[in-house]
Every structure is written in C-alpha cells, then in structure tokens.
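Text of work32.cif (mmCIF, C-alpha atoms) as supplied:
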data_coords
loop_
_atom_site.group_PDB
_atom_site.id
_atom_site.type_symbol
_atom_site.label_atom_id
_atom_site.label_comp_id
_atom_site.auth_asym_id
_atom_site.auth_seq_id
_atom_site.Cartn_x
_atom_site.Cartn_y
_atom_site.Cartn_z
ATOM 1 C CA ASP A 1327 3.610 2.559 -5.776
ATOM 2 C CA VAL A 1328 0.491 4.620 -6.190
ATOM 3 C CA TRP A 1329 1.486 7.783 -8.028
ATOM 4 C CA VAL A 1330 -1.294 8.018 -10.620
ATOM 5 C CA GLY A 1331 -4.880 7.309 -9.638
ATOM 6 C CA ASP A 1332 -5.905 5.210 -6.659
ATOM 7 C CA ILE A 1333 -4.091 1.913 -7.285
ATOM 8 C CA PRO A 1334 -0.622 0.934 -8.558
ATOM 9 C CA LEU A 1335 -0.296 0.849 -12.333
ATOM 10 C CA ARG A 1336 0.769 -2.808 -12.156
ATOM 11 C CA LEU A 1337 -2.720 -3.629 -10.841
ATOM 12 C CA GLN A 1338 -4.497 -1.310 -13.236
ATOM 13 C CA TYR A 1339 -2.620 -2.707 -16.277
ATOM 14 C CA PRO A 1340 -1.681 -6.285 -15.319
ATOM 15 C CA LYS A 1341 -1.129 -7.519 -18.893
ATOM 16 C CA LEU A 1342 1.372 -4.732 -19.592
ATOM 17 C CA TYR A 1343 3.081 -5.413 -16.281
ATOM 18 C CA GLU A 1344 3.449 -9.103 -17.205
ATOM 19 C CA CYS A 1345 5.209 -8.095 -20.444
ATOM 20 C CA CYS A 1346 7.529 -5.558 -18.810
ATOM 21 C CA SER A 1347 11.234 -6.434 -18.991
ATOM 22 C CA ASN A 1348 12.120 -4.705 -15.720
ATOM 23 C CA LYS A 1349 9.346 -4.898 -13.141
ATOM 24 C CA THR A 1350 11.278 -2.846 -10.562
ATOM 25 C CA ILE A 1351 12.180 0.107 -12.790
ATOM 26 C CA ARG A 1352 11.590 3.595 -11.412
ATOM 27 C CA VAL A 1353 9.316 6.116 -13.103
ATOM 28 C CA SER A 1354 12.257 8.481 -13.553
ATOM 29 C CA ASP A 1355 14.088 5.783 -15.541
ATOM 30 C CA CYS A 1356 11.140 5.412 -17.931
ATOM 31 C CA TRP A 1357 10.848 9.149 -18.694
ATOM 32 C CA VAL A 1358 13.704 9.799 -21.120
ATOM 33 C CA GLU A 1359 14.163 13.001 -23.121
ATOM 34 C CA GLY A 1360 10.507 13.958 -22.808
ATOM 35 C CA GLU A 1361 8.950 10.624 -23.714
ATOM 36 C CA TRP A 1362 8.050 7.322 -22.101
ATOM 37 C CA ARG A 1363 10.494 4.513 -22.850
ATOM 38 C CA ILE A 1364 9.533 1.183 -21.365
ATOM 39 C CA HIS A 1365 11.002 -2.076 -22.602
ATOM 40 C CA PHE A 1366 8.849 -5.153 -22.995
ATOM 41 C CA ARG A 1367 9.728 -8.830 -23.431
ATOM 42 C CA ARG A 1368 7.418 -9.348 -26.419
ATOM 43 C CA SER A 1369 5.199 -7.597 -28.916
ATOM 44 C CA PHE A 1370 1.691 -6.645 -27.906
ATOM 45 C CA GLY A 1371 -1.540 -8.244 -29.004
ATOM 46 C CA HIS A 1372 -4.670 -6.190 -29.668
ATOM 47 C CA PHE A 1373 -5.666 -6.015 -25.981
ATOM 48 C CA GLU A 1374 -2.215 -4.883 -24.859
ATOM 49 C CA VAL A 1375 -2.106 -2.206 -27.578
ATOM 50 C CA LYS A 1376 -5.410 -0.784 -26.306
ATOM 51 C CA GLN A 1377 -4.127 -0.887 -22.715
ATOM 52 C CA TRP A 1378 -0.867 0.800 -23.756
ATOM 53 C CA GLU A 1379 -2.769 3.575 -25.548
ATOM 54 C CA HIS A 1380 -4.919 4.106 -22.455
ATOM 55 C CA LEU A 1381 -1.858 4.153 -20.179
ATOM 56 C CA ILE A 1382 -0.050 6.685 -22.389
ATOM 57 C CA GLN A 1383 -3.170 8.862 -22.487
ATOM 58 C CA THR A 1384 -3.368 8.712 -18.677
ATOM 59 C CA LEU A 1385 0.327 9.523 -18.268
ATOM 60 C CA SER A 1386 0.163 12.407 -20.739
ATOM 61 C CA GLN A 1387 -2.145 14.223 -18.321
ATOM 62 C CA ILE A 1388 0.429 14.079 -15.495
ATOM 63 C CA PRO A 1389 2.988 16.890 -15.334
ATOM 64 C CA ILE A 1390 6.477 15.365 -15.132
ATOM 65 C CA SER A 1391 9.343 17.315 -13.571
ATOM 66 C CA ASP A 1392 12.935 16.687 -12.549
ATOM 67 C CA ASN A 1393 12.214 17.767 -8.965
ATOM 68 C CA GLN A 1394 12.683 15.365 -6.073
ATOM 69 C CA ASP A 1395 9.563 13.558 -4.865
ATOM 70 C CA GLN A 1396 7.922 14.848 -1.718
ATOM 71 C CA VAL A 1397 6.112 12.769 0.848
ATOM 72 C CA LYS A 1398 2.734 14.184 1.853
ATOM 73 C CA TRP A 1399 0.423 12.943 4.571
ATOM 74 C CA ALA A 1400 -2.949 12.460 2.854
ATOM 75 C CA LEU A 1401 -4.944 12.761 6.074
ATOM 76 C CA GLU A 1402 -4.020 16.416 6.639
ATOM 77 C CA LYS A 1403 -4.721 19.370 4.340
ATOM 78 C CA LYS A 1404 -1.186 20.715 4.811
ATOM 79 C CA GLY A 1405 0.332 17.305 4.048
ATOM 80 C CA MET A 1406 2.156 17.042 7.374
ATOM 81 C CA TYR A 1407 1.771 14.036 9.678
ATOM 82 C CA THR A 1408 0.038 14.567 12.990
ATOM 83 C CA THR A 1409 -0.790 12.032 15.671
ATOM 84 C CA CYS A 1410 -4.236 13.574 15.846
ATOM 85 C CA SER A 1411 -4.964 12.754 12.192
ATOM 86 C CA MET A 1412 -3.698 9.204 12.690
ATOM 87 C CA TYR A 1413 -5.874 8.789 15.767
ATOM 88 C CA ARG A 1414 -8.929 10.059 13.847
ATOM 89 C CA MET A 1415 -8.235 7.570 11.070
ATOM 90 C CA LEU A 1416 -7.746 4.649 13.468
ATOM 91 C CA THR A 1417 -10.922 5.463 15.409
ATOM 92 C CA ASN A 1418 -12.978 6.139 12.264
ATOM 93 C CA ARG A 1419 -13.813 9.712 13.240
#

Take the structure I supplied and represent it as structure tokens, if you would.
Amino acid sequence: DVWVGDIPLRLQYPKLYECCSNKTIRVSDCWVEGEWRIHFRRSFGHFEVKQWEHLIQTLSQIPISDNQDQVKWALEKKGMYTTCSMYRMLTNR
C-alpha cells in the first residue's frame, strides 16, 4: 500500500523487499516498542545497507500512532467521497 510517499515501499526499495522474510506483514507489526523491527532472510550488502539507512530516515519523519487508520478520499479537500469529484477525475476536469 502507499502510506509513505507516492509509491509502495516495495517498489521504492525492491532489494530490501526481496530480502524481507514476511512480504505481507502489516506496518503495525513492524513498529514494536517504539522502533522498527523487520526480519530479513539474509544479511545486507553495501547497497542494501544504504537503502535501509535511507528507509529508516524516511520512516523517522512519519509520526506513528496507535490510532486506527482512516480512509480519506484524495480528490476532495474534506477527504469524503463524492460522485462529483469522481466524475471530474474521470472526465479530466
């Protein structure tokens, strides 16, 4: 899912995703006692270490809470779905 940036993390960090032990793990399962805990199948090479450092730096800028996720409609300022906003998107207005 896209929850940081514009594309899924698996596409942004494909080498880390390849090494991940559980490719279907939820974000909430990786955030344990105030730190990121992700299990990998093997040790990292130099490139993966750099990618990991970049990922951790990116994630450190995101506020993490225990609140339930909320769905928001990106095409409306208030975040609520409207048929009008869908129509505008479909007709490129």

TODO: Check the smallest atom-to-atom distance from each of A:Thr1408, A:Thr1417, A:Asp1327, A:Ser1391 to Glu1359 (chain A) using only C-alpha atoms, then report the winner.
DONE: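 Nearest to Glu1359 (chain A): A:Ser1391.
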
Task: A:Val1328, A:Ala1400, A:Leu1335, A:Cys1345 ranked by distance to Thr1384 (chain A), top pick (using all atoms listed in the file) - done: A:Leu1335

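Interatomic distance, CA of Trp1357 (chain A) to CA of Asp1395 (chain A): 14.6 Å.
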
- [ ] Considering only C-alpha atoms, return as number ranges by chain whatever protein or nucleic-acid residues lie within 12 Å of Glu1402 (chain A), sequence-local ones (same chain, fewer than 6 positions apart) excluded.
- [x] A: 1408-1412, 1414-1415

Task: Hits of the PyMOL selection byres ((chain A and resi 1368-1374) around 7) in this structure, as a count of residues only - done: 9

TODO: Any chance you could resolve the PyMOL selection byres ((chain A and resi 1353) around 12) against this file and give the residues as a count of residues only?
DONE: 24

Open item on the list: Here is a test: counting only C-alpha atoms, which residue of A:Leu1381, A:Ser1386, A:Trp1399, A:His1365 is nearest to Tyr1339 (chain A)?
Closed with: A:Leu1381

Task: Computed interatomic separation between CA of Lys1403 (chain A) and CA of Gly1331 (chain A) (Å) - done: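 Interatomic distance here is 18.5 Å.
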
- [ ] Give me, please, the distance in Å between CA of Pro1334 (chain A) and CA of Ile1382 (chain A), quoted to one decimal.
- [x]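 These two atoms are separated by 15.0 Å.
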
Would you give the centre and edge lengths, in Å to one decimal, of a box along x, y and z around the listed atoms of region 1401-1415 of chain A, with 5 Å added to each side, as AutoDock Vina command-line options?
--center_x -3.4 --center_y 14.1 --center_z 9.9 --size_x 21.1 --size_y 23.1 --size_z 21.8
